Amino acid sequence: MDKRDVSLTVNGRVYSARVETRVHLADFLRIEAGLTGTHLGCEHGVCGACTVLLDGEAVRSCLMLAVQANNRSVTTVEGLAGDGDLHPIQQAFRDNHGLQCGFCTPGMVMSLAAYLDEDPDPDEAGIREAISGNICRCTGYQGIVAAGIQAAAALRGEE
Amino acid sequence: MTRYVGANVLRSEDPRLLTGRGRYIDDISLAGMAHAAFVRAEHAHAAIKSIDVETARSLPGVQTVMTLDDLGEQYADKPMVQPYPSPALQQDIRLHPLAGDEVCFVGQPIAVVVADSRHAAEDAAAAVHVDYEPLPAIVDCRRALDTDAPLAHLGTESNHVGRLSVGFGDIDDAFQGAPHTFSEEFLQHRGGCHAMECRGVVALDDPDGDGLTVYSSTQAPYLVRAMLARYLEEDESRLRVIAPDVGGGFGPKAGVYPEEIVIPIAARVLGRPVKWVEDRREHFIATNQQGDQFWTLSVAAEADGTIRGVRGRVTCDNGAFTNYGALLGVTSLNPLPGPYAIPALDVELDMVFTNTPSKSPVRGAGRPNAAYAMERMIEAVARGLQLDPADVRARNFVTADQFPYQPGHKTGHGQPITYDSGDFHGCLEKVKEVADYDSFKSRQLAARETGRYLGIGVSSYIEDTGMGPYEAATVRVQPSGKVQVQSGLASQGQGHATVFSQVVADQLGVDFDDVVYQSADTGKFPLGVGTVASRTVVAASTAMHEAAIAVRDKAIALAAHLLEAAEDDLQIEDGMVSVKGDPGTGVTLGELARTLTPFNTGVVPEGFSPGLEATSHNVTRGAATASGSHIAEVEVDIQTGAVTLLEYSIAHDCGRMLNPQLVEGQVLGGVVHGVGNALFERMHYDDAGQPLSVNYGEYYLPLAAEMPHFNISHLETLSPLNPLGVKGAGEGGTIPAANAIIAAIENALAPFDVVISDYPVDPQRICQLLDESAARS
Amino acid sequence: MKPGPFTYHDPSTVDELVALLASLEDAKLLAGGQSLMPMLNLRLAQPDHVIDLNTVTGLEGIERTATGVRVGAMTRQATLMSDDDLTAVMPVMKEALHWVGHFQTRSRGTIGGSISHLDPAAELPAVALLHDAILTLEGPDGSRTVPIAEWPIAYMIPNLAEDEVLTSIEFSGWPATHGYAFEEFARRYGDFAIVAVGCLLAVEDGLIVRAAVAIAGSQPTPSRLADVEKALVGQPATAETFQDVAQIAKVVEAMSDSYVNGAYRQRLAGVLVERALTRAAARTRDAN
């Protein structure tokens with residue numbers, strides 16, 4: 001068994017473990033760090049449920065080996081709100097019924113977090129493109145798009 | 001008292017789910033838990049000559065490898081229990097928990113490996129050597145009843161699963177005297193479940209305690225418990241089934257699967273908890289899904305478009321096993337003839353075996369198939385008689401004064417199918433208004449002048465919602481004053497906790513936040529049926545409502561006794577029972593509850609039973625009929641065949657909406673699934689039955705960028721069948737969507753005389769139809 | 001779906017990397033991971049060794065050269081998209097990148113990974129073809145260069161030995177007034193291309209003086225449409241010209257698979273060539 005010591009910062013806290021090198025980052029987060037908010041929907045990089053922020057950039061955590069995140073900084077959905085109850089994106093999802101079963105939601109929220117950082121004033125088409133790397137089977141996306149618009153406004157300080 | 005019912009109360013489920021604190025099956029971690037992986041059939045049809053597990057057993061981290069032989073002698077020839085028995089099943093061939101000497105579809109489970117990690121379990125599964133003797137496979141359901149068709153199962157004489165039929169009126173007369181008849185043949189292919197969360201099971205055995213506990217990502221924990229108890233010959237009281245947070249169900253998670261039997265047995269054998277989580281590839285090949293239905297249908301009509309009758313035949317792919325009974329076939333026929341008052345109907349459906357994954361209801365079940373078939377007939381009449389398709393619908397709709405309306409056929413239980421209420425014309429008028437239907441023709445002509453091809457399509461439907469047989473609820477006021485509500489349902493995102501808390505909070509005059517809702521656990525509540533077929537709000541809200549009323553009545557009676565007041569003078573508000581007009585002096589619900597649950601030094605007041613609680617069982621008889629009309633507007637690029645959805649409008653009637661925002665979510669989610677069926681989702685197999693499209697790069701689920709903004713309006717015709725007047729909303733979005741889009745494409749391509757019929761339709765197919773049209777002219 | 005076991009290697013320098021490649025059998029190079037990781041997760045690839053290119057210094061970067069721009073093989077697609085200098089030299093790159101996966105995959109996906117993986121539908125090899133890229137490889141015997149035209153050998157097999165690694169790509173720039181366009185047909189936004197066409201045009205006094213047209217998705221390897229290019233040079237940059245050459249594109253042989261047949265791909269090739277040239281020509285006029 002090929003194992004390595006992996007140490008990474010997740011949501012501001014350091015997690016270290018010795019893991020098989022074939023373990024992907026999503027499994028490290030879920031199992032070693034006990035942060036099960038990041039979900040596995042396909043493990044081939046299309047559904048987006050596993051999206052997290054790596055040093056602020058959105059990545060598919062099922063497509064990275066845990067060892068590749070050694071000494072890096074990851075933000076998961078559990079860490080988005082910081083000290084508050086709900087981050088504006090999360091609040092917007094709640095207000096606009098942007099989730100039903102909640103399984104795709106962490107990936108959606110983290111993708112939008114990264115996207116709105118880059119493009120703080122998107123239109124509806126821009127939000128739809130931004131979430132096209134995240135599959136939702138429940139909602140039909142409309143509530144998610146509305147949440148994205150509201151969140152963008154809130155983050156711009158307009159609400 | 002409607003403070004909450006009818007309001008867009010924000011979901012109580014959300015804060016937890018939004019912050020990653022959901023607890024789905026793969027989030028469950030128990031001390032000593034081991035991990036399972038399955039060895040699955042690699043051939044669509046094969047005899048198993050031998051299974052060599054020795055190498056696998058010896059690999060590091062492996063705790064056990066089990067085949068059917070290892071499960072136990074009692075299971076050697078014991079197929080799984082039929083959860084949905086039906087007299088229509090002439091051949092009821094069900095899966096064994098693990099394959100014996102034959103496999104009948106790629107993905108069928110053959111052996112289970114339990115190891116220290118999923119990685120190790122998969123390593124060992126790859127080391128299990130199965131010696132197959134491939135057998136001829138039947139893949140195309142149209143060929144399944146040919147005399148020389150390969151047999152899906154050894155030892156059978158035919159691939160015929162069974163035959164269903166619906167009919168009423170004099171069909172021969174309808175066609176003989178008809179000035180016009182039109183016929184169509186079409187394929188309907190609906191794809192898989194594709195909840196974003198795959199299936200999964202965690203089992204642990206506590207033989208000296210309460211027995212087996214099974215967590216399963218299921219829509220129907222009580223069904224699983226019942227079937228598992230019968231299969232294992234275990235008492236239900238020694239078997240607890242819990243559905244944790246479930247990431248989508250859509251139908252296929254409402255069956256009982258081999259893994260739900262094998263994993264508990266493995267946990268029992270090993271004496272430790274065992275977890276199995278389905279991966280996406282397994283979901284493609286081993287979770288039930290829908291597939292092909294081939295329809296041949298004819299309609300007889302008068303010159304003005306009035307329909308005299310519809311008749312035809314259907315071949316319905318059942319897949320390899322009948323673990324889902326005949327549900328798909330039944331739900332494909334019973335909703336005929338849809339929202340139309342027609343005098344005669346005669347449709348026959350044959351279910352046939354193929355060597356592909358078993359077919360089962362997926363969001364809408366067979367209702368989208370029935371709706372599409374009927375809508376195709378409407379389109380054929382409109383096209384053939386050069387009438388506006390919306391007008392043909394309006395001409396044939398059941399009218400508002402005809403309710404309750406009985407088309408003429410019966411359910412399998414012998415009950416006449418009845419539409420309880422509705423306003424079909426109202427929905428159509430509303431959606432035409434929202435979609436600006438009447439001005440479309442001029443927009444279409446103007447666009448054509450610039451070389452653009454726009455089209456519009458209408459689609460109407462009914463849905464029999466709220467099916468029985470029953471659901472139940474207990475409402476209990478706690479000593480703290482908070483209210484505990486329990487039911488036998490399970491949620492996969494429908495917002496049960498929120499909606500049912502609204503109903504109870506209104507009746508009991510408490511704060512929404514003071515209601516605690518529990519469900520999906522056979523250990524907490526004794527009985528339930530399951531979350532399917534748009535039934536939960538109807539079936540359960542009545543039980544919630546009535547239990548809450550019973551608690552309310554008891555609270556008032558006790559308060560009247562304690563306050564020495566007349567019951568009519570009392571009210572409940574903000575959790576306190578007080579004299580009307582004198583809110584300061586009263587008694588809280590908590591106090592009342594404590595009064596009824598004293599300990600040794602107390603006494604229960606004369607004339608009262610202990611506990612401030614009530615249980616209500618709601619037996620449902622008859623369906624609450626939801627309905628609606630959709631209009632889709634598309635643009636077709638005739639150079640590439642690409643279809644762009646420009647607008648989509650919905651007028652929807654699900655009776656009283658308990659939470660309008662949640663209803664909209666259900667409808668819109670359903671519509672997008674229907675868009676997926678119309679344009680994107682197809683499972684591809686090769687001629688040998690090997691599934692080809694087993695990843696999300698090749699199997700297309702609908703994504704956000706291709707969806708337009710949906711315009712949704714609501715009508716509310718209250719159901720007379722339940723006190724709240726509610727109707728189901730879970731699948732109404734999906735049911736009519738395919739025809740709205742297919743008809744819109746045909747309308748766009750009308751200058752080329754293109755008729756599409758089959759779905760899904762892709763750009764390549766559209767170009768092919770355009771080429772064929774060009775060749776004809 | 002978990003990967004099979006492998007030994008992981010994280011070399012720090014190109015020398016270490018080359019030494020590893022030479023000494024290991026059955027090794028796969030891990031670049032952005034967006035193509036290899038799915039294959040590992042699905043056990044479609046089960047190498048004994050995985051060599052991480054992300055730990056090797058010196059493989060990232062964008063620098064102007066005398067004739068164009070050189071890009072390190074491990075440069076992220078997201079970086080390429082946001083680099084204004086690069087966009088100024090070869091604007092077709094940014095337009096093509098809009099079609100490459102999703103922004104979440106472009107955070108990790110690399111240009112070298114895409115060009116080495118050589119998926120028939122990949123956009124970046126087509127961009128490299130348009131700009132007559134020169135690829136630099138390192139191996140045990142030192143470096144060698146390969147012109148992009150000689151890079152695709154067969155379906156997903158590049159001109160790269162087992163002990164070699166792609167380290168940089170040098171793109172040849174076009175005059176600032178050139179027009180460009182990248183057109184793609186896919187089922188959904190972000191999907192693999194069924195057919196994609198990129199083109200560059202130089203126009204003087206209304207006549208096309210130079211043309212590069214590349215196609216992906218149509219054949220087992222991406223290619224330049226030489227017959228189309230020849231037919232364009234000397235012709236006026238007009239709709240009629242583009243319609244005519246589209247007919248040439250339509251008869252170029254195209255492959256069939258379980259989902260799409262060759263005839264449809266041919267049809268798309270014609271449509272996309274015409275649309276790409278039309279947009280490229282409009283951009284040329286703007287620049288003039």
# chains A, B, ... in the order shown; residues from 1 in each chain; ligands from 1
call {"tool": "closest_atom_pairs", "arguments": {"of": "chain A", "to": "chain B", "cutoff": "7 Å", "atoms": "only C-alpha atoms", "output": "CSV"}}
result
residue,atom,partner,partner_atom,distance
A:Thr36,CA,B:Asp27,CA,5.9
A:Gly37,CA,B:Gly20,CA,3.7
A:Gly41,CA,B:Met196,CA,5.4
A:Cys42,CA,B:Arg280,CA,5.1
A:Val46,CA,B:Tyr696,CA,6.2
A:Val77,CA,B:Gly20,CA,5.8
A:Glu78,CA,B:Thr19,CA,5.2
A:Gln90,CA,B:Leu18,CA,6.0
A:Arg94,CA,B:Asp14,CA,6.3
A:Asp95,CA,B:Leu10,CA,6.7
A:His97,CA,B:Gln661,CA,7.0
A:Gln100,CA,B:Gly493,CA,4.2
A:Cys101,CA,B:Gly493,CA,3.5
A:Gly102,CA,B:Leu17,CA,5.6
A:Phe103,CA,B:Gly247,CA,5.1
A:Cys104,CA,B:Met196,CA,6.5
A:Thr105,CA,B:Leu18,CA,6.7
A:Pro106,CA,B:Gly20,CA,6.6
A:Arg128,CA,B:Ala705,CA,4.8
A:Glu129,CA,B:Ala705,CA,5.3
A:Ile131,CA,B:Ala704,CA,6.6
A:Ser132,CA,B:Ala704,CA,5.4
A:Ile135,CA,B:Leu703,CA,6.2
A:Cys136,CA,B:Met196,CA,6.9
A:Arg137,CA,B:Ala195,CA,5.9
A:Cys138,CA,B:Gly669,CA,5.1
A:Thr139,CA,B:Gly669,CA,4.2
A:Gly140,CA,B:Gly669,CA,3.9
A:Tyr141,CA,B:Ala704,CA,5.9
A:Gln142,CA,B:His709,CA,6.9
call {"tool": "residues_around", "arguments": {"residues": "segment 160-169 of chain B", "least_positions_apart": "2", "cutoff": "7 Å", "atoms": "only C-alpha atoms", "output": "short mmCIF file (atom, residue, chain, number, x, y, z; two decimals) with N, CA and C atoms, in the first residue's frame"}}
result
data_model
loop_
_atom_site.label_atom_id
_atom_site.label_comp_id
_atom_site.auth_asym_id
_atom_site.auth_seq_id
_atom_site.Cartn_x
_atom_site.Cartn_y
_atom_site.Cartn_z
N ALA B 88 -51.90 -9.22 -13.37
CA ALA B 88 -51.47 -9.08 -14.76
C ALA B 88 -50.14 -9.75 -15.02
N LEU B 89 -49.43 -10.09 -13.95
CA LEU B 89 -48.10 -10.70 -14.14
C LEU B 89 -48.26 -12.19 -14.45
N GLN B 90 -48.15 -12.52 -15.73
CA GLN B 90 -48.23 -13.94 -16.09
C GLN B 90 -46.93 -14.66 -15.76
N GLN B 91 -45.84 -13.95 -15.92
CA GLN B 91 -44.55 -14.49 -15.50
C GLN B 91 -43.95 -13.50 -14.52
N ASP B 92 -43.88 -13.91 -13.27
CA ASP B 92 -43.36 -13.02 -12.24
C ASP B 92 -41.98 -13.55 -11.86
N LEU B 145 -41.30 -10.62 -28.52
CA LEU B 145 -42.36 -11.62 -28.69
C LEU B 145 -42.29 -12.32 -30.05
N SER B 158 -41.45 -17.99 -23.20
CA SER B 158 -41.62 -16.73 -23.91
C SER B 158 -41.11 -15.59 -23.03
N ILE B 171 -65.80 0.83 -29.24
CA ILE B 171 -64.69 1.31 -30.06
C ILE B 171 -64.92 1.02 -31.54
N LEU B 333 -51.29 3.14 -18.68
CA LEU B 333 -52.62 3.02 -19.30
C LEU B 333 -53.71 3.77 -18.55
N ASN B 334 -53.69 3.63 -17.21
CA ASN B 334 -54.81 4.20 -16.44
C ASN B 334 -55.06 5.69 -16.66
N PRO B 343 -65.77 9.14 -25.99
CA PRO B 343 -66.74 8.06 -25.75
C PRO B 343 -66.16 6.65 -25.79
N ALA B 344 -65.02 6.45 -26.42
CA ALA B 344 -64.54 5.07 -26.54
C ALA B 344 -63.03 5.01 -26.51
N LEU B 345 -62.54 3.96 -25.87
CA LEU B 345 -61.10 3.77 -25.72
C LEU B 345 -60.82 2.28 -25.70
N ASP B 346 -59.71 1.89 -26.34
CA ASP B 346 -59.33 0.47 -26.29
C ASP B 346 -57.85 0.37 -26.54
N VAL B 347 -57.07 0.25 -25.47
CA VAL B 347 -55.62 0.14 -25.61
C VAL B 347 -55.13 -1.06 -24.83
N GLU B 348 -54.26 -1.80 -25.46
CA GLU B 348 -53.69 -3.00 -24.88
C GLU B 348 -52.19 -2.82 -24.74
N LEU B 349 -51.63 -3.31 -23.68
CA LEU B 349 -50.19 -3.13 -23.43
C LEU B 349 -49.58 -4.47 -23.06
N ASP B 350 -48.52 -4.82 -23.75
CA ASP B 350 -47.78 -6.03 -23.41
C ASP B 350 -46.47 -5.64 -22.76
N MET B 351 -46.23 -6.22 -21.60
CA MET B 351 -44.93 -6.04 -20.95
C MET B 351 -44.06 -7.23 -21.33
N VAL B 352 -42.83 -6.94 -21.70
CA VAL B 352 -41.95 -8.02 -22.15
C VAL B 352 -40.60 -7.96 -21.46
N PHE B 353 -40.02 -9.13 -21.27
CA PHE B 353 -38.68 -9.21 -20.71
C PHE B 353 -37.65 -8.84 -21.75
N GLY B 408 -64.72 5.94 -17.80
CA GLY B 408 -65.39 4.69 -18.12
C GLY B 408 -64.61 3.45 -17.75
N HIS B 409 -63.33 3.61 -17.37
CA HIS B 409 -62.60 2.40 -17.01
C HIS B 409 -62.34 2.34 -15.50
#
call {"tool": "residues_around", "arguments": {"residues": "Glu236 of chain B", "least_positions_apart": "4", "cutoff": "9 Å", "atoms": "only C-alpha atoms", "output": "list in words"}}
result
Arg225, Ala226, Leu228, Ala229, Arg230 and Arg240 of chain B
call {"tool": "write_last_selection", "arguments": {"atoms": "C-alpha atoms", "output": "mmCIF file, in the first residue's frame"}}
result
data_model
loop_
_atom_site.group_PDB
_atom_site.id
_atom_site.type_symbol
_atom_site.label_atom_id
_atom_site.label_comp_id
_atom_site.auth_asym_id
_atom_site.auth_seq_id
_atom_site.Cartn_x
_atom_site.Cartn_y
_atom_site.Cartn_z
ATOM 1 C CA ARG B 225 -38.982 -3.438 6.303
ATOM 2 C CA ALA B 226 -41.966 -5.515 5.259
ATOM 3 C CA LEU B 228 -37.017 -7.729 4.288
ATOM 4 C CA ALA B 229 -38.919 -9.195 7.242
ATOM 5 C CA ARG B 230 -40.701 -11.638 4.970
ATOM 6 C CA ARG B 240 -35.801 -1.287 11.997
#
call {"tool": "closest_atom_pairs", "arguments": {"of": "chain A", "to": "chain C", "cutoff": "10 Å", "atoms": "only C-alpha atoms", "output": "Markdown table"}}
result
| residue | atom | partner | partner_atom | distance |
| --- | --- | --- | --- | --- |
| A:Met1 | CA | C:Pro5 | CA | 7.2 |
| A:Asp2 | CA | C:Thr7 | CA | 5.6 |
| A:Lys3 | CA | C:Thr7 | CA | 8.5 |
| A:Arg4 | CA | C:Tyr8 | CA | 8.9 |
| A:Glu20 | CA | C:Pro5 | CA | 8.4 |
| A:Thr21 | CA | C:Tyr8 | CA | 6.2 |
| A:Arg22 | CA | C:Pro3 | CA | 6.2 |
| A:Val23 | CA | C:Lys2 | CA | 7.8 |
| A:His24 | CA | C:Lys2 | CA | 8.6 |
| A:Asp27 | CA | C:Lys2 | CA | 9.9 |
| A:Cys42 | CA | C:Met1 | CA | 8.6 |
| A:Glu43 | CA | C:Asn41 | CA | 6.6 |
| A:His44 | CA | C:Pro38 | CA | 4.4 |
| A:Gly45 | CA | C:Pro38 | CA | 6.7 |
| A:Val46 | CA | C:Gly101 | CA | 9.1 |
| A:Gly48 | CA | C:Gln104 | CA | 8.4 |
| A:Thr51 | CA | C:Gln104 | CA | 7.7 |
| A:Val52 | CA | C:Gln104 | CA | 9.2 |
| A:Leu53 | CA | C:Gln104 | CA | 9.4 |
| A:Leu54 | CA | C:Ser107 | CA | 9.2 |
| A:Glu57 | CA | C:Ser107 | CA | 6.6 |
| A:Ala58 | CA | C:Gln104 | CA | 5.1 |
| A:Val59 | CA | C:Gln104 | CA | 4.9 |
| A:Arg60 | CA | C:Gln104 | CA | 6.5 |
| A:Ser61 | CA | C:Gln104 | CA | 10.0 |
| A:Cys62 | CA | C:Met37 | CA | 7.9 |
| A:Leu63 | CA | C:Met37 | CA | 5.2 |
| A:Met64 | CA | C:Gly33 | CA | 6.6 |
| A:Leu65 | CA | C:Met37 | CA | 8.4 |
| A:Val67 | CA | C:Tyr8 | CA | 9.0 |
| A:Gln68 | CA | C:Asn54 | CA | 7.9 |
| A:Ser111 | CA | C:Gln104 | CA | 7.5 |
| A:Ala114 | CA | C:Gln104 | CA | 8.9 |
| A:Tyr115 | CA | C:Phe103 | CA | 8.5 |
| A:Arg128 | CA | C:Tyr189 | CA | 9.8 |
| A:Glu129 | CA | C:Tyr189 | CA | 7.4 |
| A:Ala130 | CA | C:Phe103 | CA | 7.6 |
| A:Ile131 | CA | C:His102 | CA | 9.0 |
| A:Ser132 | CA | C:Tyr189 | CA | 6.9 |
| A:Gly133 | CA | C:His102 | CA | 5.8 |
| A:Asn134 | CA | C:His102 | CA | 9.5 |
call {"tool": "residues_around", "arguments": {"residues": "Val458 of chain B", "least_positions_apart": "2", "cutoff": "6 Å", "atoms": "only C-alpha atoms", "output": "number ranges by chain"}}
result
B: 630-631, 740
call {"tool": "write_last_selection", "arguments": {"atoms": "C-alpha atoms", "output": "compact mmCIF listing (two decimals), in the first residue's frame"}}
result
# COMPACT_ATOMS: atom_id res chain seq x y z
CA HIS B 630 -48.10 23.74 -20.79
CA ILE B 631 -46.91 25.77 -23.76
CA ALA B 740 -45.07 20.48 -25.50
call {"tool": "closest_residue", "arguments": {"among": "B:Pro150, B:Pro526, B:Gly602, B:Pro660", "to": "Thr615 of chain B", "atoms": "only C-alpha atoms"}}
result
B:Pro526
call {"tool": "closest_residue", "arguments": {"among": "C:Glu184, C:Ile248, C:Ala226, C:Arg64", "to": "chain B", "atoms": "only C-alpha atoms"}}
result
C:Glu184
call {"tool": "residues_around", "arguments": {"residues": "Gly451 of chain B", "least_positions_apart": "4", "cutoff": "12 Å", "atoms": "only C-alpha atoms", "output": "PyMOL selection string"}}
result
chain B and resi 444-447+635-639+748
